[in-house]
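Participant: Got data-v4.tsv for you, TSV, C-alpha atoms and all ligand atoms:
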chain	number	residue	atom	x	y	z
A	7	MET	CA	0.00	0.00	0.00
A	8	ASP	CA	1.13	3.57	-0.69
A	9	ASP	CA	2.80	4.88	2.44
A	10	ARG	CA	2.20	8.58	1.78
A	11	ALA	CA	-0.43	10.50	3.70
A	12	LYS	CA	-3.86	10.17	2.13
A	13	PRO	CA	-5.99	13.27	1.65
A	14	ALA	CA	-9.20	12.85	3.64
A	15	SER	CA	-12.24	12.40	1.43
A	16	LYS	CA	-14.82	15.16	1.54
A	17	GLY	CA	-16.97	15.09	4.66
A	18	THR	CA	-14.67	12.68	6.53
A	19	VAL	CA	-14.13	13.55	10.18
A	20	VAL	CA	-10.42	13.54	10.90
A	21	ILE	CA	-8.62	13.65	14.23
A	22	SER	CA	-5.22	15.21	14.63
A	23	LEU	CA	-2.53	12.98	16.15
A	24	ALA	CA	1.02	13.11	17.45
A	25	ILE	CA	3.29	10.06	17.58
A	26	VAL	CA	6.03	10.00	20.19
A	27	GLY	CA	8.94	7.59	19.73
A	28	TYR	CA	10.42	6.64	16.36
A	29	GLY	CA	12.75	3.78	17.33
A	30	TYR	CA	12.21	0.14	16.43
A	31	TRP	CA	8.40	0.04	16.72
A	32	GLY	CA	7.34	3.66	16.05
A	33	PRO	CA	7.84	3.44	12.24
A	34	ASN	CA	5.07	0.79	12.07
A	35	ILE	CA	2.68	3.15	13.85
A	36	VAL	CA	3.63	6.07	11.59
A	37	ARG	CA	3.08	3.92	8.47
A	38	ILE	CA	-0.41	2.84	9.60
A	39	VAL	CA	-1.52	6.30	10.77
A	40	ARG	CA	-0.52	7.77	7.42
A	41	GLN	CA	-2.70	5.22	5.64
A	42	THR	CA	-5.86	5.95	7.60
A	43	ASP	CA	-8.59	8.24	6.34
A	44	HIS	CA	-9.69	9.34	9.78
A	45	ALA	CA	-6.48	10.79	11.24
A	46	THR	CA	-3.75	13.18	10.27
A	47	LEU	CA	-0.26	12.93	11.70
A	48	LYS	CA	0.34	16.48	12.94
A	49	ILE	CA	3.80	15.93	14.39
A	50	CYS	CA	6.26	13.22	15.35
A	51	CYS	CA	8.40	13.60	18.46
A	52	ASP	CA	11.59	11.76	19.45
A	53	SER	CA	14.23	12.87	21.93
A	54	ASN	CA	16.94	11.50	19.65
A	55	PRO	CA	17.71	13.78	16.65
A	56	GLN	CA	19.13	10.85	14.68
A	57	GLN	CA	15.78	9.06	14.81
A	58	LEU	CA	14.02	12.19	13.59
A	59	ALA	CA	16.50	12.43	10.72
A	60	VAL	CA	15.58	8.86	9.73
A	61	LEU	CA	11.89	9.82	9.88
A	62	SER	CA	12.40	12.95	7.77
A	63	ARG	CA	14.18	10.99	5.06
A	64	LYS	CA	11.19	8.61	4.80
A	65	HIS	CA	8.40	11.11	5.47
A	66	PRO	CA	9.76	14.57	4.49
A	67	ASP	CA	6.34	16.20	4.86
A	68	VAL	CA	5.88	15.22	8.55
A	69	SER	CA	6.72	17.90	11.15
A	70	THR	CA	9.11	16.83	13.88
A	71	THR	CA	10.18	17.95	17.33
A	72	LEU	CA	12.68	16.87	19.95
A	73	ASP	CA	10.58	18.40	22.71
A	74	PHE	CA	7.42	16.66	23.97
A	75	GLN	CA	6.25	20.01	25.36
A	76	ASP	CA	5.57	21.12	21.74
A	77	VAL	CA	3.05	18.27	21.48
A	78	LEU	CA	1.42	19.19	24.78
A	79	ASP	CA	1.20	22.89	23.91
A	80	ASP	CA	-0.47	22.39	20.52
A	81	PRO	CA	-4.25	22.68	21.08
A	82	ALA	CA	-4.93	21.18	17.62
A	83	ILE	CA	-3.50	17.81	18.66
A	84	GLN	CA	-6.35	15.71	20.03
A	85	ALA	CA	-4.58	12.41	20.64
A	86	VAL	CA	-1.08	11.16	21.35
A	87	ILE	CA	0.37	7.74	20.50
A	88	LEU	CA	3.33	6.71	22.66
A	89	ALA	CA	5.88	4.26	21.23
A	90	THR	CA	8.67	5.05	23.68
A	91	PRO	CA	10.40	2.72	26.20
A	92	ILE	CA	8.22	1.36	29.01
A	93	SER	CA	9.95	3.45	31.68
A	94	THR	CA	8.67	6.64	29.98
A	95	HIS	CA	5.03	5.57	29.45
A	96	HIS	CA	3.63	6.83	32.73
A	97	ALA	CA	5.22	10.31	32.69
A	98	LEU	CA	4.40	10.99	29.04
A	99	ALA	CA	0.85	9.59	29.22
A	100	LYS	CA	0.15	11.51	32.42
A	101	GLN	CA	1.25	14.80	30.86
A	102	ALA	CA	-0.80	14.13	27.73
A	103	LEU	CA	-3.93	13.37	29.77
A	104	LEU	CA	-3.40	16.46	31.94
A	105	HIS	CA	-3.26	18.51	28.72
A	106	GLY	CA	-6.58	17.09	27.53
A	107	LYS	CA	-5.20	14.65	24.94
A	108	HIS	CA	-6.51	11.12	24.35
A	109	VAL	CA	-3.75	8.53	24.74
A	110	LEU	CA	-2.81	5.29	23.02
A	111	VAL	CA	0.20	3.83	24.80
A	112	GLU	CA	2.32	0.87	23.78
A	113	LYS	CA	2.25	-2.29	25.87
A	114	PRO	CA	2.80	-2.75	28.76
A	115	MET	CA	1.00	0.35	29.97
A	116	THR	CA	3.39	1.25	32.83
A	117	ASP	CA	6.17	-0.33	34.87
A	118	ARG	CA	4.48	0.21	38.24
A	119	LEU	CA	1.03	-0.78	39.45
A	120	GLU	CA	0.30	2.55	41.08
A	121	ASP	CA	1.14	4.38	37.85
A	122	ALA	CA	-1.32	2.26	35.90
A	123	VAL	CA	-3.99	3.05	38.49
A	124	GLU	CA	-3.22	6.77	38.28
A	125	LEU	CA	-3.47	6.88	34.47
A	126	ASN	CA	-6.89	5.21	34.63
A	127	GLU	CA	-8.08	7.75	37.19
A	128	LEU	CA	-6.80	10.68	35.13
A	129	ALA	CA	-8.46	9.41	31.96
A	130	SER	CA	-11.71	8.83	33.79
A	131	VAL	CA	-11.80	12.22	35.55
A	132	ASN	CA	-10.93	14.07	32.34
A	133	ARG	CA	-13.27	11.91	30.19
A	134	LEU	CA	-10.47	10.97	27.83
A	135	THR	CA	-9.78	7.74	25.97
A	136	LEU	CA	-6.92	5.71	27.41
A	137	MET	CA	-6.02	2.67	25.34
A	138	VAL	CA	-3.10	0.24	25.40
A	139	ASN	CA	-1.71	-1.39	22.30
A	140	HIS	CA	-2.25	-5.03	23.19
A	141	THR	CA	-1.86	-5.76	19.47
A	142	PHE	CA	-2.93	-9.40	19.62
A	143	LEU	CA	-6.45	-8.45	20.71
A	144	TYR	CA	-6.86	-7.21	17.12
A	145	SER	CA	-5.36	-10.29	15.46
A	146	PRO	CA	-7.84	-12.46	13.48
A	147	PRO	CA	-6.70	-15.88	14.86
A	148	ILE	CA	-6.77	-14.59	18.45
A	149	ILE	CA	-10.28	-13.19	17.90
A	150	LYS	CA	-11.38	-16.49	16.28
A	151	ILE	CA	-10.04	-18.56	19.20
A	152	ARG	CA	-11.93	-16.36	21.63
A	153	GLU	CA	-15.14	-17.01	19.67
A	154	ILE	CA	-14.43	-20.76	19.69
A	155	ILE	CA	-13.77	-20.85	23.46
A	156	GLN	CA	-16.78	-18.69	24.28
A	157	SER	CA	-19.12	-20.66	22.00
A	158	GLY	CA	-18.44	-23.71	24.20
A	159	GLU	CA	-17.14	-25.77	21.26
A	160	LEU	CA	-14.09	-26.90	23.24
A	161	GLY	CA	-16.22	-27.60	26.33
A	162	LYS	CA	-14.75	-26.63	29.68
A	163	VAL	CA	-11.16	-25.38	29.21
A	164	PHE	CA	-8.94	-27.72	31.27
A	165	PHE	CA	-5.56	-26.20	30.49
A	166	ILE	CA	-3.54	-24.07	28.05
A	167	ASN	CA	0.13	-24.29	27.05
A	168	MET	CA	1.71	-21.32	25.29
A	169	MET	CA	5.19	-20.86	23.85
A	170	ARG	CA	6.57	-17.54	22.57
A	171	VAL	CA	10.30	-17.89	21.95
A	172	ASN	CA	12.83	-16.53	19.46
A	173	LEU	CA	16.36	-15.18	19.34
A	174	GLY	CA	15.35	-11.79	20.69
A	175	MET	CA	16.83	-8.41	21.34
A	176	HIS	CA	18.21	-8.29	24.88
A	177	SER	CA	17.53	-5.00	26.60
A	178	SER	CA	18.77	-3.98	30.03
A	179	ARG	CA	15.64	-1.80	30.36
A	180	SER	CA	13.29	-4.77	30.29
A	181	ASN	CA	13.16	-8.55	30.60
A	182	VAL	CA	11.45	-11.32	28.70
A	183	ILE	CA	8.38	-11.50	30.97
A	184	TRP	CA	7.81	-7.82	30.57
A	185	ASP	CA	8.48	-7.80	26.84
A	186	LEU	CA	6.92	-11.04	25.52
A	187	GLY	CA	4.88	-12.21	28.52
A	188	ALA	CA	2.74	-9.06	28.33
A	189	HIS	CA	1.37	-10.35	25.01
A	190	ASP	CA	0.34	-13.73	26.44
A	191	LEU	CA	-1.23	-12.22	29.55
A	192	SER	CA	-3.36	-9.87	27.45
A	193	ILE	CA	-4.39	-12.75	25.17
A	194	LEU	CA	-5.32	-15.02	28.09
A	195	SER	CA	-7.48	-12.42	29.79
A	196	TYR	CA	-9.20	-11.75	26.44
A	197	TRP	CA	-9.84	-15.45	25.78
A	198	LEU	CA	-10.94	-16.40	29.29
A	199	ASN	CA	-12.62	-13.12	30.27
A	200	GLU	CA	-10.96	-13.16	33.68
A	201	GLN	CA	-7.63	-12.52	35.37
A	202	PRO	CA	-5.42	-15.22	36.92
A	203	SER	CA	-5.99	-15.85	40.61
A	204	GLU	CA	-2.55	-17.44	41.15
A	205	ILE	CA	0.80	-17.06	39.41
A	206	GLN	CA	4.23	-18.55	39.85
A	207	ALA	CA	7.22	-17.50	37.75
A	208	PHE	CA	10.46	-19.32	37.26
A	209	GLY	CA	13.29	-18.18	35.00
A	210	ARG	CA	16.94	-17.42	34.41
A	211	ASP	CA	19.18	-14.54	33.34
A	212	CYS	CA	21.41	-16.52	30.96
A	213	ILE	CA	23.19	-13.73	29.05
A	214	ALA	CA	23.08	-10.48	31.08
A	215	LYS	CA	23.02	-10.55	34.87
A	216	GLY	CA	19.64	-9.53	36.26
A	217	VAL	CA	17.93	-9.48	32.85
A	218	HIS	CA	15.79	-12.61	32.65
A	219	ASP	CA	15.78	-14.00	29.12
A	220	VAL	CA	13.85	-17.21	29.73
A	221	ALA	CA	10.80	-17.66	31.97
A	222	TYR	CA	7.99	-20.07	32.69
A	223	LEU	CA	4.78	-18.66	34.09
A	224	ASN	CA	2.31	-21.01	35.73
A	225	MET	CA	-1.16	-19.63	36.36
A	226	ARG	CA	-4.54	-20.69	37.66
A	227	PHE	CA	-7.70	-18.88	36.55
A	228	PRO	CA	-10.77	-18.54	38.80
A	229	SER	CA	-13.05	-20.61	36.55
A	230	GLY	CA	-10.59	-23.54	36.58
A	231	PRO	CA	-8.10	-23.44	33.68
A	232	VAL	CA	-4.42	-23.88	34.53
A	233	VAL	CA	-1.94	-22.29	32.13
A	234	ASN	CA	1.76	-22.52	31.39
A	235	VAL	CA	3.46	-19.79	29.35
A	236	ASN	CA	7.07	-20.20	28.20
A	237	VAL	CA	8.73	-17.01	26.97
A	238	SER	CA	12.33	-16.69	25.85
A	239	TRP	CA	14.72	-14.47	23.91
A	240	LEU	CA	17.01	-17.47	23.44
A	241	SER	CA	15.85	-19.96	20.85
A	242	PRO	CA	17.33	-21.07	17.52
A	243	SER	CA	13.97	-20.53	15.78
A	244	LYS	CA	10.80	-18.58	16.32
A	245	TYR	CA	7.95	-20.56	17.92
A	246	ARG	CA	4.49	-19.18	18.64
A	247	ASN	CA	2.53	-22.24	19.69
A	248	THR	CA	-0.58	-22.71	21.81
A	249	ILE	CA	-2.45	-25.85	22.82
A	250	ILE	CA	-5.86	-25.52	24.45
A	251	VAL	CA	-7.32	-28.68	25.94
A	252	GLY	CA	-11.02	-28.69	26.65
A	253	SER	CA	-13.45	-31.29	27.94
A	254	ARG	CA	-14.95	-31.71	24.43
A	255	LYS	CA	-12.28	-30.73	21.91
A	256	MET	CA	-8.68	-29.59	21.68
A	257	LEU	CA	-7.23	-26.67	19.73
A	258	VAL	CA	-3.74	-26.12	18.37
A	259	PHE	CA	-2.61	-22.66	17.21
A	260	ASP	CA	0.64	-21.93	15.39
A	261	ASP	CA	0.98	-18.19	14.74
A	262	THR	CA	4.15	-18.61	12.67
A	263	ARG	CA	2.22	-20.36	9.86
A	264	ASN	CA	0.91	-18.34	6.93
A	265	GLU	CA	-2.20	-20.49	6.67
A	266	GLU	CA	-4.00	-23.19	8.66
A	267	LYS	CA	-2.96	-21.41	11.85
A	268	ILE	CA	-5.75	-22.96	13.94
A	269	LYS	CA	-6.72	-26.64	14.07
A	270	ILE	CA	-9.60	-27.92	16.17
A	271	TYR	CA	-9.30	-31.61	17.04
A	272	ASP	CA	-12.37	-33.59	17.98
A	273	ARG	CA	-10.22	-35.68	20.29
A	274	GLY	CA	-10.55	-36.51	23.92
A	275	ILE	CA	-11.38	-39.12	26.48
A	276	ASP	CA	-14.92	-39.92	27.52
A	277	VAL	CA	-15.35	-41.39	30.97
A	278	LYS	CA	-18.17	-43.81	31.66
A	279	PRO	CA	-18.83	-44.32	35.37
A	280	PRO	CA	-18.68	-47.95	36.54
A	281	ASP	CA	-22.01	-49.83	36.44
A	282	SER	CA	-21.20	-51.89	39.52
A	283	PHE	CA	-17.90	-52.32	41.41
A	284	GLY	CA	-15.84	-52.31	38.21
A	285	GLU	CA	-13.37	-49.67	37.07
A	286	PHE	CA	-14.15	-46.51	35.10
A	287	GLN	CA	-14.51	-47.16	31.39
A	288	LEU	CA	-12.43	-44.77	29.24
A	289	THR	CA	-13.30	-44.28	25.59
A	290	TYR	CA	-10.74	-42.53	23.38
A	291	ARG	CA	-12.32	-40.29	20.78
A	292	THR	CA	-10.53	-39.36	17.53
A	293	GLY	CA	-12.85	-37.45	15.24
A	294	ASP	CA	-12.45	-34.78	12.60
A	295	ILE	CA	-9.88	-32.01	12.48
A	296	VAL	CA	-11.41	-28.66	11.51
A	297	ILE	CA	-9.34	-25.73	10.19
A	298	PRO	CA	-11.32	-22.48	10.51
A	299	ALA	CA	-11.03	-19.83	7.80
A	300	LEU	CA	-9.46	-16.59	9.00
A	301	GLU	CA	-9.74	-13.03	7.78
A	302	SER	CA	-6.55	-11.56	6.39
A	303	LYS	CA	-6.10	-8.27	8.25
A	304	GLU	CA	-3.18	-6.40	9.77
A	305	PRO	CA	-3.83	-6.25	13.54
A	306	LEU	CA	-1.98	-2.96	13.97
A	307	SER	CA	-4.15	-1.31	11.35
A	308	ASP	CA	-7.36	-2.51	13.04
A	309	MET	CA	-6.02	-1.43	16.42
A	310	ILE	CA	-5.32	2.13	15.22
A	311	ALA	CA	-8.72	2.31	13.48
A	312	HIS	CA	-10.36	1.14	16.73
A	313	PHE	CA	-8.53	3.82	18.74
A	314	ILE	CA	-9.66	6.56	16.35
A	315	ASP	CA	-13.23	5.22	16.42
A	316	CYS	CA	-13.22	5.17	20.25
A	317	VAL	CA	-11.91	8.75	20.40
A	318	MET	CA	-14.40	10.05	17.85
A	319	HIS	CA	-17.44	8.26	19.26
A	320	HIS	CA	-16.54	8.06	22.98
A	321	LYS	CA	-16.49	4.26	22.94
A	322	LYS	CA	-14.79	1.96	25.43
A	323	PRO	CA	-11.70	0.43	23.79
A	324	ARG	CA	-11.29	-3.35	23.72
A	325	SER	CA	-7.80	-2.87	25.22
A	326	ASP	CA	-8.72	0.02	27.52
A	327	GLY	CA	-6.79	1.38	30.48
A	328	GLN	CA	-8.35	-1.19	32.82
A	329	ASN	CA	-7.16	-3.97	30.52
A	330	GLY	CA	-3.68	-2.38	30.61
A	331	LEU	CA	-3.83	-2.25	34.41
A	332	ASP	CA	-4.90	-5.92	34.64
A	333	VAL	CA	-1.86	-6.98	32.63
A	334	VAL	CA	0.52	-4.76	34.64
A	335	ARG	CA	-0.87	-6.25	37.86
A	336	THR	CA	-0.25	-9.83	36.72
A	337	LEU	CA	3.24	-8.86	35.52
A	338	HIS	CA	3.89	-7.32	38.91
A	339	PHE	CA	3.10	-10.53	40.75
A	340	ALA	CA	5.03	-12.62	38.21
A	341	MET	CA	8.10	-10.47	38.83
A	342	LYS	CA	7.62	-10.72	42.58
A	343	SER	CA	7.51	-14.50	42.38
A	344	LEU	CA	10.59	-14.54	40.13
A	345	ARG	CA	12.77	-12.03	41.98
A	346	GLU	CA	12.02	-13.15	45.50
A	347	ASN	CA	11.84	-16.83	44.62
A	348	SER	CA	8.69	-16.64	46.67
A	349	GLY	CA	6.53	-19.25	44.99
A	350	VAL	CA	2.87	-18.84	44.21
A	351	GLN	CA	1.41	-15.32	44.35
A	352	TYR	CA	-2.30	-15.01	45.06
A	353	LEU	CA	-3.62	-12.17	42.95
A	354	SER	CA	-7.12	-12.38	44.33
A	355	ASP	CA	-5.98	-11.32	47.80
A	356	PRO	CA	-7.12	-7.65	47.96
A	357	TRP	CA	-4.88	-6.77	50.92
A	358	LEU	CA	-1.81	-8.08	49.12
A	359	ALA	CA	-2.80	-6.30	45.92
A	360	ALA	CA	-3.18	-2.98	47.72
A	361	SER	CA	0.03	-3.27	49.70
A	362	GLU	CA	1.99	-4.16	46.57
A	363	SER	CA	0.72	-1.33	44.46
A	364	ALA	CA	3.62	1.04	45.10
A	365	MET	CA	6.37	-1.41	44.22
A	366	LYS	CA	8.34	-1.02	40.99
A	367	VAL	CA	8.00	-4.16	38.96
A	368	ILE	CA	10.93	-4.35	36.56
B	401	LIG	N1	2.86	-4.04	20.25
B	401	LIG	C1	3.94	-4.69	19.86
B	401	LIG	O1	3.88	-5.76	19.26
B	401	LIG	C2	5.28	-4.07	20.17
B	401	LIG	C3	6.44	-4.51	19.51
B	401	LIG	C4	7.65	-3.89	19.82
B	401	LIG	C5	7.72	-2.89	20.78
B	401	LIG	N2	6.56	-2.52	21.41
B	401	LIG	C6	6.59	-1.46	22.43
B	401	LIG	O2	6.92	-0.22	21.82
B	401	LIG	C7	7.59	0.61	22.76
B	401	LIG	C8	8.90	1.10	22.13
B	401	LIG	O3	9.72	-0.02	21.90
B	401	LIG	P1	10.93	0.09	20.84
B	401	LIG	O4	11.46	-1.30	20.73
B	401	LIG	O5	10.50	0.80	19.63
B	401	LIG	O6	11.96	0.99	21.66
B	401	LIG	P2	13.18	1.83	21.03
B	401	LIG	O7	14.12	2.08	22.16
B	401	LIG	O8	13.71	1.16	19.79
B	401	LIG	O9	12.51	3.20	20.56
B	401	LIG	C9	12.01	4.14	21.45
B	401	LIG	C10	12.18	5.54	20.86
B	401	LIG	O10	11.61	6.47	21.80
B	401	LIG	C11	12.50	7.59	21.90
B	401	LIG	N3	12.30	8.20	23.23
B	401	LIG	C12	12.69	7.71	24.43
B	401	LIG	N4	12.28	8.53	25.42
B	401	LIG	C13	11.62	9.56	24.82
B	401	LIG	C14	10.97	10.71	25.32
B	401	LIG	N5	10.92	10.97	26.64
B	401	LIG	N6	10.41	11.57	24.44
B	401	LIG	C15	10.47	11.33	23.11
B	401	LIG	N7	11.09	10.23	22.59
B	401	LIG	C16	11.64	9.35	23.43
B	401	LIG	C17	13.88	7.01	21.71
B	401	LIG	O11	14.80	8.00	21.27
B	401	LIG	C18	13.64	5.94	20.64
B	401	LIG	O12	13.81	6.45	19.33
B	401	LIG	C19	7.79	-0.24	24.01
B	401	LIG	O13	6.78	0.05	24.93
B	401	LIG	C20	7.63	-1.67	23.52
B	401	LIG	O14	7.13	-2.55	24.53
B	401	LIG	C21	5.37	-3.06	21.10
What does the file become when written as structure tokens?

Facilitator:
Amino acid sequence: MDDRAKPASKGTVVISLAIVGYGYWGPNIVRIVRQTDHATLKICCDSNPQQLAVLSRKHPDVSTTLDFQDVLDDPAIQAVILATPISTHHALAKQALLHGKHVLVEKPMTDRLEDAVELNELASVNRLTLMVNHTFLYSPPIIKIREIIQSGELGKVFFINMMRVNLGMHSSRSNVIWDLGAHDLSILSYWLNEQPSEIQAFGRDCIAKGVHDVAYLNMRFPSGPVVNVNVSWLSPSKYRNTIIVGSRKMLVFDDTRNEEKIKIYDRGIDVKPPDSFGEFQLTYRTGDIVIPALESKEPLSDMIAHFIDCVMHHKKPRSDGQNGLDVVRTLHFAMKSLRENSGVQYLSDPWLAASESAMKVI
């Protein structure tokens, strides 16, 4: 698709945006925003002049600034998209909300629980949209799996195994739970419609001391499912695999495939209670394998369109500030379990949740 800014068609309502952060991820956001009919990119801000020079070479017509204050002071800018490092999310989002701007912030929303709470309060008091880019909530296979789970086709979900590993970029500002695990936690809460009640994290800092690059998260959800998530920046190949085992059917999802990403297996074990004093009778079922058709859409594009729609029509975003807070809270307890080697953390304990809220999580 042509990457240049499109002129808005006559009568189209357009909102004016600023994008902050043009590093690794920001260019994807800029590309999508410039393709949409319903937004104009008023200015792009990055504190590094070299990044702005890269931007200007690719998009010579986009205004740039090194100073975020220019974004805040421009009354024409209605919304701000933040694609800066996690440690900056809270301060930048807070300033934007205090200046009356709607905010779309990259995942994870903040690096402290109390900051995530504060951003939600600010957005609510000022009646502004606060949305987090949990990109996978806009991905067709993730949406399809949610429909399958919620239709009851799999029966009761017994357990889920997820693997998200590749040879990743090590960063001293983050760790693999924070970077990759945030995706899986947002997906799980979207699929199951609830937050984990227990979490235990186990991992290792193989390459750089203190920066965990492999982790295993074990979780229990209130309605019963138990989940294991393996995330790693150290793997010879990229794997994005999920197995969901239900009481009726089982589902396998491979997000690295170009097609046939989801397979639903009519397989399982039926238990017949004993008639008399005999043993349980187990019947093994091996039925059809169904491969659902999926829409071909770019999740990031749908996510940006959703944000603009929510701003224009005062709608509640699918990945709203509360959703961002839920993920930050689970990350917080995962990190606590990992760092303190303190075993299972009970997220449903309100006293613990409150007393933990001021602790920095990375
Ligand atoms: N949704 C996804 O799938 C996805 C994928 C990758 C990264 N991300 C997220 O995107 C965000 C950015 O990640 P990245 O890998 O692009 O980081 P990066 O370090 O490559 O880029 C960040 C950019 O922000 C700029 N910056 C830093 N502080 C600033 C400030 N105060 N004001 C203005 N500019 C500032 C830096 O100069 C840099 O150019 C992170 O939150 C990350 O988690 C999301």

Participant: Using all atoms listed in the file, what table do you get, as JSON lines, when you list each residue of chain A with an atom no more than 9 Å from ligand LIG 401 (chain B), its nearest pair of atoms, and their distance in Å rounded to one decimal, rows by chain then rising number?

Facilitator:
{"residue": "A:Val26", "atom": "CA", "partner": "B:LIG401", "partner_atom": "C15", "distance": 5.5}
{"residue": "A:Gly27", "atom": "CA", "partner": "B:LIG401", "partner_atom": "O10", "distance": 3.6}
{"residue": "A:Tyr28", "atom": "CA", "partner": "B:LIG401", "partner_atom": "O12", "distance": 4.5}
{"residue": "A:Gly29", "atom": "CA", "partner": "B:LIG401", "partner_atom": "O9", "distance": 3.3}
{"residue": "A:Tyr30", "atom": "CA", "partner": "B:LIG401", "partner_atom": "O5", "distance": 3.7}
{"residue": "A:Trp31", "atom": "CA", "partner": "B:LIG401", "partner_atom": "O5", "distance": 3.7}
{"residue": "A:Gly32", "atom": "CA", "partner": "B:LIG401", "partner_atom": "O5", "distance": 5.6}
{"residue": "A:Pro33", "atom": "CA", "partner": "B:LIG401", "partner_atom": "O5", "distance": 8.3}
{"residue": "A:Cys51", "atom": "CA", "partner": "B:LIG401", "partner_atom": "C15", "distance": 5.6}
{"residue": "A:Asp52", "atom": "CA", "partner": "B:LIG401", "partner_atom": "N7", "distance": 3.5}
{"residue": "A:Ser53", "atom": "CA", "partner": "B:LIG401", "partner_atom": "N7", "distance": 4.2}
{"residue": "A:Asn54", "atom": "CA", "partner": "B:LIG401", "partner_atom": "O11", "distance": 4.4}
{"residue": "A:Pro55", "atom": "CA", "partner": "B:LIG401", "partner_atom": "O11", "distance": 8.0}
{"residue": "A:Gln56", "atom": "CA", "partner": "B:LIG401", "partner_atom": "O12", "distance": 8.3}
{"residue": "A:Gln57", "atom": "CA", "partner": "B:LIG401", "partner_atom": "O12", "distance": 5.6}
{"residue": "A:Leu58", "atom": "CA", "partner": "B:LIG401", "partner_atom": "O12", "distance": 8.1}
{"residue": "A:Thr71", "atom": "CA", "partner": "B:LIG401", "partner_atom": "C15", "distance": 8.8}
{"residue": "A:Leu72", "atom": "CA", "partner": "B:LIG401", "partner_atom": "C15", "distance": 6.7}
{"residue": "A:Asp73", "atom": "CA", "partner": "B:LIG401", "partner_atom": "N6", "distance": 7.0}
{"residue": "A:Phe74", "atom": "CA", "partner": "B:LIG401", "partner_atom": "N6", "distance": 5.9}
{"residue": "A:Leu88", "atom": "CA", "partner": "B:LIG401", "partner_atom": "C7", "distance": 7.4}
{"residue": "A:Ala89", "atom": "CA", "partner": "B:LIG401", "partner_atom": "C7", "distance": 4.3}
{"residue": "A:Thr90", "atom": "CA", "partner": "B:LIG401", "partner_atom": "O10", "distance": 3.8}
{"residue": "A:Pro91", "atom": "CA", "partner": "B:LIG401", "partner_atom": "C19", "distance": 4.5}
{"residue": "A:Ile92", "atom": "CA", "partner": "B:LIG401", "partner_atom": "O13", "distance": 4.5}
{"residue": "A:Ser93", "atom": "CA", "partner": "B:LIG401", "partner_atom": "O13", "distance": 8.2}
{"residue": "A:Thr94", "atom": "CA", "partner": "B:LIG401", "partner_atom": "N5", "distance": 5.9}
{"residue": "A:His95", "atom": "CA", "partner": "B:LIG401", "partner_atom": "O13", "distance": 7.3}
{"residue": "A:Ala97", "atom": "CA", "partner": "B:LIG401", "partner_atom": "N5", "distance": 8.3}
{"residue": "A:Leu98", "atom": "CA", "partner": "B:LIG401", "partner_atom": "N5", "distance": 6.9}
{"residue": "A:Val111", "atom": "CA", "partner": "B:LIG401", "partner_atom": "O13", "distance": 7.6}
{"residue": "A:Glu112", "atom": "CA", "partner": "B:LIG401", "partner_atom": "O13", "distance": 4.7}
{"residue": "A:Lys113", "atom": "CA", "partner": "B:LIG401", "partner_atom": "O14", "distance": 5.1}
{"residue": "A:Pro114", "atom": "CA", "partner": "B:LIG401", "partner_atom": "O14", "distance": 6.1}
{"residue": "A:Met115", "atom": "CA", "partner": "B:LIG401", "partner_atom": "O13", "distance": 7.7}
{"residue": "A:Thr116", "atom": "CA", "partner": "B:LIG401", "partner_atom": "O13", "distance": 8.7}
{"residue": "A:Val138", "atom": "CA", "partner": "B:LIG401", "partner_atom": "N1", "distance": 9.0}
{"residue": "A:Asn139", "atom": "CA", "partner": "B:LIG401", "partner_atom": "N1", "distance": 5.7}
{"residue": "A:His140", "atom": "CA", "partner": "B:LIG401", "partner_atom": "N1", "distance": 6.0}
{"residue": "A:Thr141", "atom": "CA", "partner": "B:LIG401", "partner_atom": "N1", "distance": 5.1}
{"residue": "A:Phe142", "atom": "CA", "partner": "B:LIG401", "partner_atom": "O1", "distance": 7.7}
{"residue": "A:Met175", "atom": "CA", "partner": "B:LIG401", "partner_atom": "O4", "distance": 8.9}
{"residue": "A:Ser180", "atom": "CA", "partner": "B:LIG401", "partner_atom": "O14", "distance": 8.7}
{"residue": "A:Trp184", "atom": "CA", "partner": "B:LIG401", "partner_atom": "O14", "distance": 8.0}
{"residue": "A:Asp185", "atom": "CA", "partner": "B:LIG401", "partner_atom": "O14", "distance": 5.9}
{"residue": "A:Leu186", "atom": "CA", "partner": "B:LIG401", "partner_atom": "O14", "distance": 8.6}
{"residue": "A:Ala188", "atom": "CA", "partner": "B:LIG401", "partner_atom": "O14", "distance": 8.7}
{"residue": "A:His189", "atom": "CA", "partner": "B:LIG401", "partner_atom": "O1", "distance": 7.8}
{"residue": "A:Leu306", "atom": "CA", "partner": "B:LIG401", "partner_atom": "N1", "distance": 8.0}

Participant: For a test of reading the model, state the distance in Å between atom CA of Ile83 of chain A and atom CA of Asp332 of chain A, rounded to one decimal.

Facilitator: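 Atom-to-atom, atom CA of Ile83 of chain A to atom CA of Asp332 of chain A, that is 28.6 Å.
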
Participant: Using all atoms listed in the file, pick whichever of A:Gly293, A:Leu257, A:Asn329, A:Arg226 has the shortest atom-to-atom distance to Tyr352 of chain A.

Facilitator: A:Arg226

Participant: What does the distance between atom CA of Val233 of chain A and atom CA of Glu265 of chain A come to in Å, to one decimal place?

Facilitator: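 Distance reported for this atom pair: 25.5 Å.
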
Participant: Place a sphere of radius 10 Å on (20.5, -11.3, 27.4) in the file coordinates and name every protein, DNA or RNA residue with an atom inside or on its surface, counting all atoms listed in the file; give the answer as a ChimeraX atom specification.

Facilitator: /A:173-178,181-182,210-220,238-240

Participant: Please list as a ChimeraX atom specification every residue within 9 Å of Pro146 of chain A, counting all atoms listed in the file and excluding residues in the same chain fewer than 4 positions away.

Facilitator: /A:142,150-151,300-305
